[in-house]
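Asker: Next up, input15.txt (compact mmCIF, C-alpha atoms).
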# COMPACT_ATOMS: atom_id res chain seq x y z
CA MET A 284 78.42 73.25 115.66
CA LYS A 285 81.29 74.93 117.52
CA ILE A 286 83.13 75.58 114.24
CA ILE A 287 79.99 77.11 112.74
CA ILE A 288 79.52 79.35 115.81
CA ALA A 289 83.16 80.47 115.67
CA LEU A 290 83.02 81.24 111.94
CA LEU A 291 79.75 83.13 112.43
CA ILE A 292 81.35 85.30 115.12
CA PHE A 293 84.42 85.96 112.95
CA SER A 294 82.17 86.84 110.01
CA ILE A 295 80.07 89.32 111.99
CA ILE A 296 83.16 91.08 113.36
CA ILE A 297 84.94 91.21 109.99
CA ILE A 298 81.86 92.41 108.12
CA PHE A 299 81.38 95.21 110.67
CA HIS A 300 85.05 96.21 110.34
CA GLU A 301 84.88 96.34 106.55
CA LEU A 302 81.50 98.08 106.74
CA GLY A 303 83.31 100.94 108.48
CA HIS A 304 85.68 101.37 105.52
CA PHE A 305 82.76 100.90 103.08
CA SER A 306 80.46 103.45 104.74
CA LEU A 307 83.07 106.20 104.94
CA ALA A 308 84.26 105.46 101.39
CA LYS A 309 80.72 105.90 100.08
CA ALA A 310 80.21 109.01 102.23
CA ASN A 311 83.36 110.55 100.72
CA GLY A 312 82.39 109.66 97.14
CA ILE A 313 85.02 106.93 96.69
CA ARG A 314 84.26 104.14 94.24
CA VAL A 315 84.14 100.71 95.93
CA ASN A 316 84.84 97.95 93.41
CA GLU A 317 84.29 94.97 95.70
CA PHE A 318 83.11 94.21 99.22
CA CYS A 319 83.93 90.66 100.24
CA LEU A 320 83.95 88.27 103.17
CA GLY A 321 86.80 85.78 103.22
CA LEU A 322 89.93 85.44 101.13
CA GLY A 323 90.95 83.55 98.00
CA PRO A 324 88.76 82.46 95.07
CA THR A 325 85.18 83.72 94.87
CA ILE A 326 82.45 81.20 95.74
CA PHE A 327 79.53 83.54 95.15
CA GLY A 328 79.24 87.11 93.98
CA VAL A 329 76.60 89.58 92.92
CA THR A 330 77.05 93.08 91.51
CA LYS A 331 74.77 95.89 92.63
CA GLY A 332 75.45 99.30 91.17
CA GLU A 333 79.19 99.77 90.91
CA THR A 334 80.12 97.32 93.70
CA LYS A 335 80.51 93.55 93.63
CA TYR A 336 79.52 91.80 96.85
CA SER A 337 81.20 88.41 97.18
CA LEU A 338 81.91 85.44 99.42
CA LYS A 339 85.42 83.94 99.21
CA LEU A 340 86.62 80.38 99.77
CA LEU A 341 88.82 80.88 102.85
CA PRO A 342 86.60 81.84 105.83
CA PHE A 343 89.06 84.31 107.39
CA GLY A 344 89.40 88.01 106.66
CA GLY A 345 87.56 90.27 104.28
CA ALA A 346 88.10 93.38 102.19
CA CYS A 347 86.61 96.62 100.96
CA MET A 348 88.43 97.14 97.66
CA MET A 349 88.42 100.78 96.62
CA GLU A 350 89.41 102.22 93.27
CA GLY A 351 93.00 103.45 93.33
CA GLU A 352 93.61 102.29 96.91
CA ASP A 353 96.89 100.52 96.16
CA GLY A 354 97.87 102.10 92.86
CA GLU A 355 97.39 105.00 90.48
CA SER A 356 93.98 105.63 88.92
CA THR A 357 92.62 108.32 86.62
CA ASP A 358 89.10 107.91 88.05
CA ASP A 359 87.99 111.11 89.80
CA ARG A 360 86.36 108.92 92.46
CA ALA A 361 89.57 107.01 93.22
CA PHE A 362 90.79 106.75 96.80
CA GLY A 363 94.00 108.64 96.01
CA LYS A 364 92.11 111.56 94.47
CA LYS A 365 90.35 112.45 97.71
CA SER A 366 91.67 114.80 100.39
CA VAL A 367 94.06 113.40 102.96
CA TRP A 368 91.48 113.90 105.74
CA ALA A 369 88.85 112.00 103.74
CA ARG A 370 91.30 109.12 103.30
CA ILE A 371 92.21 109.19 107.00
CA SER A 372 88.53 108.92 107.91
CA VAL A 373 88.06 105.93 105.58
CA VAL A 374 91.10 104.04 106.90
CA ALA A 375 90.32 104.77 110.57
CA ALA A 376 86.65 103.82 110.18
CA GLY A 377 87.30 100.05 110.26
CA PRO A 378 88.83 99.96 113.76
CA VAL A 379 86.37 102.62 114.97
CA PHE A 380 83.45 100.45 113.83
CA ASN A 381 84.97 97.57 115.81
CA PHE A 382 84.91 99.72 118.94
CA ILE A 383 81.31 100.77 118.16
CA MET A 384 80.33 97.11 117.78
CA ALA A 385 82.04 96.26 121.08
CA PHE A 386 80.17 99.15 122.76
CA VAL A 387 76.74 98.05 121.42
CA PHE A 388 77.32 94.41 122.40
CA SER A 389 78.59 95.55 125.82
CA PHE A 390 75.36 97.47 126.38
CA ILE A 391 73.29 94.38 125.52
CA LEU A 392 75.43 92.16 127.75
CA LEU A 393 75.41 94.53 130.74
CA SER A 394 71.65 95.09 130.38
CA CYS A 395 71.11 91.32 130.50
CA ASN A 396 73.78 90.27 132.94
CA GLY A 397 74.93 93.28 134.98
CA TYR A 398 78.57 94.11 135.76
CA ASP A 399 81.09 93.07 138.38
CA VAL A 400 81.48 95.92 140.87
CA PRO A 401 84.94 96.28 142.49
CA LYS A 402 83.55 95.53 145.95
CA ILE A 403 85.51 93.34 148.36
CA THR A 404 83.49 90.37 149.61
CA LYS A 405 86.20 88.67 151.67
CA VAL A 406 89.61 89.56 153.13
CA SER A 407 92.11 86.71 153.58
CA GLU A 408 94.21 86.34 156.71
CA GLY A 409 97.92 86.99 156.56
CA PHE A 410 97.92 89.10 153.43
CA ALA A 411 98.53 92.82 152.83
CA ALA A 412 94.83 93.81 152.65
CA GLU A 413 94.12 92.50 156.15
CA GLN A 414 97.24 94.16 157.55
CA ALA A 415 96.16 97.48 156.00
CA GLY A 416 92.76 97.24 157.70
CA MET A 417 90.66 96.66 154.58
CA GLN A 418 87.29 94.97 155.11
CA ALA A 419 84.52 93.20 153.23
CA GLY A 420 82.23 95.84 151.73
CA ASP A 421 85.05 98.23 150.78
CA VAL A 422 84.80 99.44 147.19
CA ILE A 423 88.07 99.89 145.27
CA VAL A 424 88.09 103.08 143.20
CA LYS A 425 91.77 103.50 142.22
CA MET A 426 94.99 101.52 141.97
CA ASN A 427 98.12 103.68 141.67
CA GLY A 428 95.92 106.48 140.31
CA LYS A 429 94.19 104.27 137.73
CA HIS A 430 90.39 104.43 138.03
CA ILE A 431 88.77 101.06 138.69
CA HIS A 432 85.21 100.34 137.50
CA PHE A 433 85.11 96.51 137.42
CA TYR A 434 86.56 93.91 139.75
CA ARG A 435 88.19 92.35 136.66
CA GLU A 436 90.41 95.44 136.47
CA VAL A 437 91.84 94.56 139.88
CA SER A 438 92.76 91.09 138.61
CA SER A 439 94.26 92.40 135.34
CA TYR A 440 96.24 95.08 137.22
CA SER A 441 97.66 92.36 139.45
CA MET A 442 98.62 90.31 136.38
CA PHE A 443 100.29 93.18 134.50
CA HIS A 444 102.09 94.43 137.65
CA ALA A 445 102.83 91.10 139.32
CA GLY A 446 104.63 91.49 142.63
CA GLU A 447 104.62 95.30 142.59
CA THR A 448 103.52 97.40 145.56
CA VAL A 449 100.33 99.32 144.79
CA GLU A 450 98.53 102.25 146.42
CA VAL A 451 94.85 101.35 146.63
CA THR A 452 92.13 103.98 147.12
CA TYR A 453 88.87 102.56 148.44
CA GLU A 454 85.52 103.79 149.75
CA ARG A 455 83.84 102.82 153.00
CA ASP A 456 80.62 104.43 154.24
CA GLY A 457 81.01 107.32 151.79
CA LYS A 458 84.59 108.14 152.82
CA ARG A 459 87.79 107.45 150.91
CA TYR A 460 90.88 105.81 152.33
CA THR A 461 94.23 104.74 150.90
CA ALA A 462 96.36 101.70 151.63
CA GLU A 463 99.73 100.56 150.33
CA LEU A 464 99.63 96.86 149.49
CA THR A 465 102.60 94.63 148.70
CA PRO A 466 101.25 91.36 147.26
CA LEU A 467 102.43 87.99 148.54
CA TYR A 468 103.03 85.01 146.30
CA ASP A 469 100.44 82.28 146.85
CA GLU A 470 102.20 78.95 146.23
CA GLU A 471 98.91 77.07 146.02
CA LEU A 472 97.43 79.33 143.32
CA GLY A 473 100.76 80.10 141.66
CA ARG A 474 100.27 83.89 141.57
CA TYR A 475 100.62 87.09 143.61
CA ARG A 476 97.68 88.12 145.80
CA TYR A 477 96.72 91.29 147.67
CA GLY A 478 94.57 89.19 149.99
CA PHE A 479 90.99 89.99 149.05
CA VAL A 480 88.34 88.65 146.70
CA GLY A 481 85.28 90.27 145.16
CA GLY A 482 83.28 90.54 141.97
CA GLU A 483 79.71 91.05 143.17
CA VAL A 484 77.38 91.48 140.18
CA GLU A 485 75.11 94.52 140.04
CA LYS A 486 72.55 95.65 137.45
CA GLY A 487 72.21 99.30 136.49
CA ASN A 488 69.65 101.44 134.68
CA VAL A 489 69.88 102.36 130.99
CA PHE A 490 72.09 105.41 131.58
CA LYS A 491 74.48 103.56 133.88
CA ASN A 492 74.69 100.68 131.41
CA LEU A 493 75.60 103.12 128.63
CA LEU A 494 78.35 104.58 130.82
CA TYR A 495 79.66 101.17 131.84
CA SER A 496 79.57 99.95 128.23
CA GLY A 497 82.20 102.59 127.53
CA TYR A 498 84.20 101.35 130.52
CA GLU A 499 83.87 97.78 129.18
CA VAL A 500 85.36 98.73 125.80
CA LYS A 501 88.12 100.67 127.58
CA TYR A 502 88.84 97.63 129.74
CA TRP A 503 89.43 95.43 126.69
CA ILE A 504 91.53 98.10 124.97
CA ASP A 505 93.71 98.38 128.10
CA THR A 506 93.93 94.58 128.39
CA THR A 507 95.01 94.23 124.75
CA LEU A 508 97.66 96.95 125.11
CA GLY A 509 98.87 95.42 128.37
CA SER A 510 99.19 92.01 126.70
CA LEU A 511 101.14 93.53 123.80
CA LYS A 512 103.47 95.22 126.30
CA MET A 513 104.07 91.86 127.99
CA LEU A 514 104.82 90.30 124.60
CA VAL A 515 107.41 92.99 123.84
CA THR A 516 109.00 92.82 127.31
CA GLY A 517 109.05 89.01 127.40
CA GLY A 518 106.25 88.58 129.92
CA VAL A 519 104.55 86.28 127.40
CA THR A 520 105.90 84.48 124.33
CA LEU A 521 104.67 83.55 120.86
CA ASN A 522 103.57 80.23 122.35
CA ASP A 523 100.99 82.16 124.39
CA MET A 524 99.51 83.79 121.27
CA SER A 525 96.51 82.43 119.38
CA GLY A 526 95.56 82.89 115.74
CA PRO A 527 92.32 81.98 113.91
CA VAL A 528 92.72 78.24 114.57
CA GLY A 529 93.31 78.77 118.29
CA LEU A 530 90.43 81.22 118.52
CA VAL A 531 88.06 78.82 116.76
CA ASP A 532 89.03 76.12 119.26
CA ALA A 533 88.68 78.50 122.24
CA ILE A 534 85.32 79.87 121.05
CA GLY A 535 84.06 76.34 120.45
CA ASP A 536 85.09 75.16 123.90
CA SER A 537 83.53 78.26 125.46
CA TYR A 538 80.27 77.65 123.57
CA GLU A 539 80.08 73.97 124.53
CA GLU A 540 80.73 74.77 128.19
CA SER A 541 78.17 77.61 128.34
CA VAL A 542 75.44 75.84 126.33
CA SER A 543 75.33 73.16 129.04
CA TYR A 544 73.66 75.87 131.18
CA GLY A 545 71.17 76.69 128.43
CA TYR A 546 71.05 78.65 125.18
CA TYR A 547 70.58 81.96 126.97
CA ALA A 548 73.86 81.45 128.85
CA ALA A 549 75.54 80.49 125.56
CA PHE A 550 74.17 83.66 123.91
CA LEU A 551 75.61 85.85 126.68
CA GLN A 552 78.98 84.05 126.50
CA MET A 553 79.14 84.57 122.71
CA LEU A 554 78.31 88.26 123.19
CA TYR A 555 81.20 88.47 125.64
CA THR A 556 83.47 86.76 123.10
CA CYS A 557 82.40 89.18 120.36
CA ILE A 558 83.23 92.15 122.60
CA LEU A 559 86.67 90.76 123.41
CA ILE A 560 87.60 89.95 119.79
CA SER A 561 86.10 93.11 118.28
CA ALA A 562 87.90 95.45 120.70
CA ASN A 563 91.10 93.43 120.23
CA LEU A 564 90.82 93.67 116.44
CA GLY A 565 90.26 97.42 116.67
CA VAL A 566 93.44 97.88 118.71
CA MET A 567 95.55 95.55 116.58
CA ASN A 568 94.49 97.28 113.36
CA LEU A 569 95.49 100.67 114.76
CA LEU A 570 99.05 99.54 115.52
CA PRO A 571 101.46 101.59 113.36
CA LEU A 572 102.62 98.53 111.42
CA PRO A 573 102.87 98.23 107.62
CA ALA A 574 99.89 96.54 105.89
CA LEU A 575 97.58 97.31 108.85
CA ASP A 576 95.19 100.27 109.03
CA GLY A 577 97.52 101.87 111.58
CA GLY A 578 100.44 101.65 109.16
CA ARG A 579 98.39 103.33 106.43
CA LEU A 580 97.35 106.03 108.87
CA VAL A 581 101.02 106.77 109.63
CA PHE A 582 101.68 107.54 105.95
CA LEU A 583 98.51 109.65 105.71
CA ILE A 584 99.39 111.63 108.83
CA VAL A 585 102.89 112.23 107.45
CA GLU A 586 101.25 113.44 104.23
CA ALA A 587 98.97 115.79 106.20
CA ILE A 588 101.98 117.26 108.04
CA ARG A 589 104.21 117.56 104.95
CA GLY A 590 101.46 118.78 102.65
CA LYS A 591 102.36 116.26 99.93
CA LYS A 592 102.05 112.52 99.38
CA VAL A 593 104.70 109.98 100.21
CA ASP A 594 106.07 108.28 97.08
CA PRO A 595 103.39 105.63 96.28
CA ASP A 596 106.02 103.10 95.15
CA LYS A 597 107.94 103.41 98.41
CA GLU A 598 104.76 103.21 100.48
CA GLY A 599 103.60 100.20 98.49
CA MET A 600 106.93 98.43 99.06
CA VAL A 601 106.73 99.07 102.81
CA HIS A 602 103.19 97.66 102.96
CA PHE A 603 104.19 94.65 100.82
CA ILE A 604 107.11 93.79 103.10
CA GLY A 605 104.87 94.29 106.12
CA LEU A 606 102.22 92.01 104.61
CA MET A 607 104.77 89.26 103.97
CA LEU A 608 106.05 89.49 107.56
CA LEU A 609 102.47 89.47 108.84
CA MET A 610 101.68 86.36 106.79
CA LEU A 611 104.81 84.69 108.15
CA LEU A 612 103.74 85.48 111.70
CA MET A 613 100.26 84.10 110.98
CA VAL A 614 101.78 80.83 109.68
CA VAL A 615 103.94 80.51 112.81
CA VAL A 616 101.00 81.23 115.12
CA MET A 617 98.70 78.88 113.18
CA PHE A 618 101.29 76.08 113.37
CA ASN A 619 101.55 76.70 117.12
CA ASP A 620 97.73 76.61 117.46
CA ILE A 621 97.54 73.25 115.66
CA ARG A 622 100.41 71.89 117.77
CA LYS A 623 98.66 72.89 121.01
CA ILE A 624 95.39 71.23 119.88
CA PHE A 625 97.12 67.86 119.40
CA MET A 626 99.36 68.08 122.49
The structure in this file should be written as structure tokens.

Answerer:
Amino acid sequence: MKIIIALLIFSIIIIFHELGHFSLAKANGIRVNEFCLGLGPTIFGVTKGETKYSLKLLPFGGACMMEGEDGESTDDRAFGKKSVWARISVVAAGPVFNFIMAFVFSFILLSCNGYDVPKITKVSEGFAAEQAGMQAGDVIVKMNGKHIHFYREVSSYSMFHAGETVEVTYERDGKRYTAELTPLYDEELGRYRYGFVGGEVEKGNVFKNLLYSGYEVKYWIDTTLGSLKMLVTGGVTLNDMSGPVGLVDAIGDSYEESVSYGYYAAFLQMLYTCILISANLGVMNLLPLPALDGGRLVFLIVEAIRGKKVDPDKEGMVHFIGLMLLMLLMVVVMFNDIRKIFM
């Protein structure tokens, strides 16, 4: 069951991503030859109009195959025949649809479950928060100028800036105060702490939930970018990364743990998982790397600035090399996922 749940979540997210490319391609009059879920040989396919809709053997990935997308075509409705801005909109639509999906699912989740307000519920003795005079009931609004909307943002800020002194702005009885906190290392927990805990859950009205759904998507975008920064700077390693195999295992474990509290709890947990993965996929696809949507956007933006196309052969070679490197990385990460499962 947990494998089925994981594959269902992957499928929904991938379909929505490819639907972004598909919708904008159709809106711009571009011929779509095939819209598929999965990779490899076709298991099932049906043609409606000019487009073949198919299901592939390998249950990872998907594609919206447009005429003339990766080569020359004489068709007036080919991807390459359209204006550069039309092509930019088509390429960017996939990641944008992922953010839209994350926003919609966030609204459903927050409407059902509420959100964790950044209110302090307890101040620990001997730590910086107590020494600065902070109290239970204080609401954190900023950390080093960064606006805080969820208590999770306090935890993630502490993780991405471990051991650093931070200026905290908080509210008490309608007034704002600031405190400079230098975290202390907690040997028992194995991490730095400011010396307070919180995370009180609060439910809002429709308008507040819409606003906080945007904050939720922003939170996951910031978390993804922060994790990538840690990967580049050595804060985390490839061993800490997870690919499809690791995600399937993590989603399955999360489902089995949450379903023990009932199917409603499992539904909310899977919504949360969809938000996390969809926002993450949107960010990753916008990275300016060859073979990803972000890499294609770089070439299109260069074309828009120069007023003429980059040599298609050179662009194709860059994307091919990037794809090979990406596949190599996926093999390494997948091998690491399998190793961790059997450890």

Asker: If I take atom CA of A:Glu483 and atom CA of A:Ile431, how far is one from the other in Å, to one decimal?

Answerer: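 These atoms are spaced 14.2 Å apart.
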
Asker: Under the rule that all atoms listed in the file are counted, which of A:Pro466, A:Val400, A:Ala308, A:Ser389 is the nearest residue to A:Leu493?

Answerer: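 The shortest atom-to-atom distance to A:Leu493 comes from A:Ser389.
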
Asker: Atom CA of A:Asp399 and atom CA of A:Phe380, how far apart in Å?

Answerer: 25.7 Å

Asker: Set the distance at 12 Å and use all atoms listed in the file: which residues neighbour A:Val406 once local chain neighbours fewer than 2 positions away are removed? I'd like the list as a ChimeraX atom specification.

Answerer: /A:402-404,408-421,476-481

Asker: Counting all atoms listed in the file, figure out which residue out of A:Gly577, A:Val379, A:Phe443, A:Met567 gets nearest to A:Ser510.

Answerer: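 Among the listed residues, the smallest separation from A:Ser510 belongs to A:Phe443.
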
Asker: Residues within 8 Å of A:Glu333, please, as a list in words. Count all atoms listed in the file; anything in the same chain fewer than 6 positions from it doesn't count.

Answerer: Arg314, Val315 and Asn316 of chain A

Asker: With all atoms listed in the file as the atoms that count, which of A:Ile621, A:Ala361, A:Val329, A:Met384 lies nearest to A:Cys557?

Answerer: A:Met384

Asker: I want to know what sits within 12 Å of A:Ala548, based on all atoms listed in the file, with residues of the same chain fewer than 6 positions away left out; could you give that as number ranges by chain?

Answerer: A: 392, 395-396, 537-542, 554-555

Asker: Please identify all polymer residues within 10 Å of A:Thr330, counting all atoms listed in the file, omitting same-chain residues fewer than 6 positions from it, and present them as a ChimeraX atom specification.

Answerer: /A:316-318,336-337

Asker: When you count all atoms listed in the file, which of these residues is closest to A:Tyr475: A:Pro571, A:Gly487, A:Gly446, A:Gly328?

Answerer: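 Ranked by minimum distance to A:Tyr475, first place goes to A:Gly446.
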
Asker: Between atom CA of A:Gly428 and atom CA of A:Glu499, what distance in Å does the model show, to one decimal?

Answerer: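 Atom CA of A:Glu499 lies 18.6 Å from atom CA of A:Gly428.
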
Asker: Show me, as a ChimeraX atom specification, the residues that have an atom within 7 Å of A:Tyr453 when counting all atoms listed in the file, minus same-chain residues fewer than 4 positions from it.

Answerer: /A:421-425,459-461

Asker: From (85.8, 108.5, 97.6), in the file's coordinates, out to 7 Å: which residues are reached, counting all atoms listed in the file? Answer as a PyMOL selection string.

Answerer: chain A and resi 308-309+311-314+360-362+365

Asker: With distances taken over all atoms listed in the file, which of A:Asp532, A:Glu436, A:Glu471, A:Asp353 is nearest to A:Met600?

Answerer: A:Asp353

Asker: For a quick check of understanding, using all atoms listed in the file, which of A:Gly457, A:Gly397, A:Pro324, A:Pro342 has the smallest distance to A:Ile287?

Answerer: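 Nearest to A:Ile287: A:Pro342.
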
Asker: Please return, as a VMD selection string, all polymer residues that have at least one atom within 12 Å of the point (93.4, 96.6, 112.4); use only C-alpha atoms and the file's own coordinate frame.

Answerer: chain A and resid 296 to 297 300 to 301 303 to 304 344 to 346 374 to 382 560 to 580

Asker: Rebuild N, CA, C and O atoms on stretch 351-375 of chain A, as a CSV table (one decimal), in the coordinates of the input?

Answerer:
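Output contents, as saved in rebuild37.csv:
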chain,number,residue,atom,x,y,z
A,351,GLY,N,91.8,102.7,93.1
A,351,GLY,CA,93.0,103.4,93.3
A,351,GLY,C,93.5,103.4,94.7
A,351,GLY,O,94.4,104.2,95.1
A,352,GLU,N,93.1,102.4,95.5
A,352,GLU,CA,93.6,102.3,96.9
A,352,GLU,C,95.1,101.9,97.0
A,352,GLU,O,95.8,102.5,97.8
A,353,ASP,N,95.5,101.0,96.1
A,353,ASP,CA,96.9,100.5,96.2
A,353,ASP,C,97.6,100.8,94.9
A,353,ASP,O,98.6,100.1,94.5
A,354,GLY,N,97.2,101.8,94.1
A,354,GLY,CA,97.9,102.1,92.9
A,354,GLY,C,97.3,103.4,92.3
A,354,GLY,O,96.4,104.0,92.8
A,355,GLU,N,97.9,103.8,91.1
A,355,GLU,CA,97.4,105.0,90.5
A,355,GLU,C,96.1,104.7,89.7
A,355,GLU,O,95.9,103.6,89.2
A,356,SER,N,95.2,105.7,89.7
A,356,SER,CA,94.0,105.6,88.9
A,356,SER,C,93.6,107.0,88.4
A,356,SER,O,93.8,108.0,89.1
A,357,THR,N,93.1,107.0,87.2
A,357,THR,CA,92.6,108.3,86.6
A,357,THR,C,91.2,108.7,87.0
A,357,THR,O,90.7,109.7,86.7
A,358,ASP,N,90.5,107.7,87.6
A,358,ASP,CA,89.1,107.9,88.0
A,358,ASP,C,89.0,109.0,89.1
A,358,ASP,O,89.8,109.0,90.1
A,359,ASP,N,88.1,110.0,88.9
A,359,ASP,CA,88.0,111.1,89.8
A,359,ASP,C,87.5,110.7,91.2
A,359,ASP,O,87.6,111.4,92.1
A,360,ARG,N,86.9,109.4,91.2
A,360,ARG,CA,86.4,108.9,92.5
A,360,ARG,C,87.3,107.9,93.1
A,360,ARG,O,87.0,107.2,94.0
A,361,ALA,N,88.6,107.9,92.6
A,361,ALA,CA,89.6,107.0,93.2
A,361,ALA,C,90.0,107.5,94.6
A,361,ALA,O,89.9,108.6,95.0
A,362,PHE,N,90.4,106.5,95.4
A,362,PHE,CA,90.8,106.8,96.8
A,362,PHE,C,91.9,107.8,96.9
A,362,PHE,O,91.8,108.8,97.7
A,363,GLY,N,92.9,107.7,96.0
A,363,GLY,CA,94.0,108.6,96.0
A,363,GLY,C,93.7,110.1,95.6
A,363,GLY,O,94.5,111.0,95.8
A,364,LYS,N,92.5,110.2,94.9
A,364,LYS,CA,92.1,111.6,94.5
A,364,LYS,C,91.4,112.4,95.6
A,364,LYS,O,91.2,113.6,95.4
A,365,LYS,N,91.1,111.8,96.6
A,365,LYS,CA,90.4,112.4,97.7
A,365,LYS,C,91.3,113.1,98.7
A,365,LYS,O,92.5,112.8,98.7
A,366,SER,N,90.8,114.1,99.5
A,366,SER,CA,91.7,114.8,100.4
A,366,SER,C,92.3,113.9,101.4
A,366,SER,O,91.7,112.8,101.7
A,367,VAL,N,93.4,114.3,102.0
A,367,VAL,CA,94.1,113.4,103.0
A,367,VAL,C,93.2,113.1,104.2
A,367,VAL,O,93.2,112.0,104.7
A,368,TRP,N,92.4,114.1,104.6
A,368,TRP,CA,91.5,113.9,105.7
A,368,TRP,C,90.3,112.9,105.4
A,368,TRP,O,89.9,112.2,106.3
A,369,ALA,N,89.9,113.0,104.2
A,369,ALA,CA,88.8,112.0,103.7
A,369,ALA,C,89.4,110.6,103.8
A,369,ALA,O,88.8,109.6,104.3
A,370,ARG,N,90.7,110.4,103.3
A,370,ARG,CA,91.3,109.1,103.3
A,370,ARG,C,91.6,108.6,104.7
A,370,ARG,O,91.5,107.4,105.0
A,371,ILE,N,92.0,109.6,105.6
A,371,ILE,CA,92.2,109.2,107.0
A,371,ILE,C,90.9,108.7,107.6
A,371,ILE,O,90.9,107.7,108.3
A,372,SER,N,89.8,109.3,107.3
A,372,SER,CA,88.5,108.9,107.9
A,372,SER,C,88.1,107.5,107.4
A,372,SER,O,87.6,106.7,108.2
A,373,VAL,N,88.4,107.2,106.1
A,373,VAL,CA,88.1,105.9,105.6
A,373,VAL,C,88.9,104.8,106.2
A,373,VAL,O,88.4,103.8,106.6
A,374,VAL,N,90.2,105.1,106.3
A,374,VAL,CA,91.1,104.0,106.9
A,374,VAL,C,90.8,103.8,108.4
A,374,VAL,O,90.8,102.7,108.9
A,375,ALA,N,90.6,104.9,109.1
A,375,ALA,CA,90.3,104.8,110.6
A,375,ALA,C,89.0,104.2,110.9
A,375,ALA,O,88.7,103.7,112.0
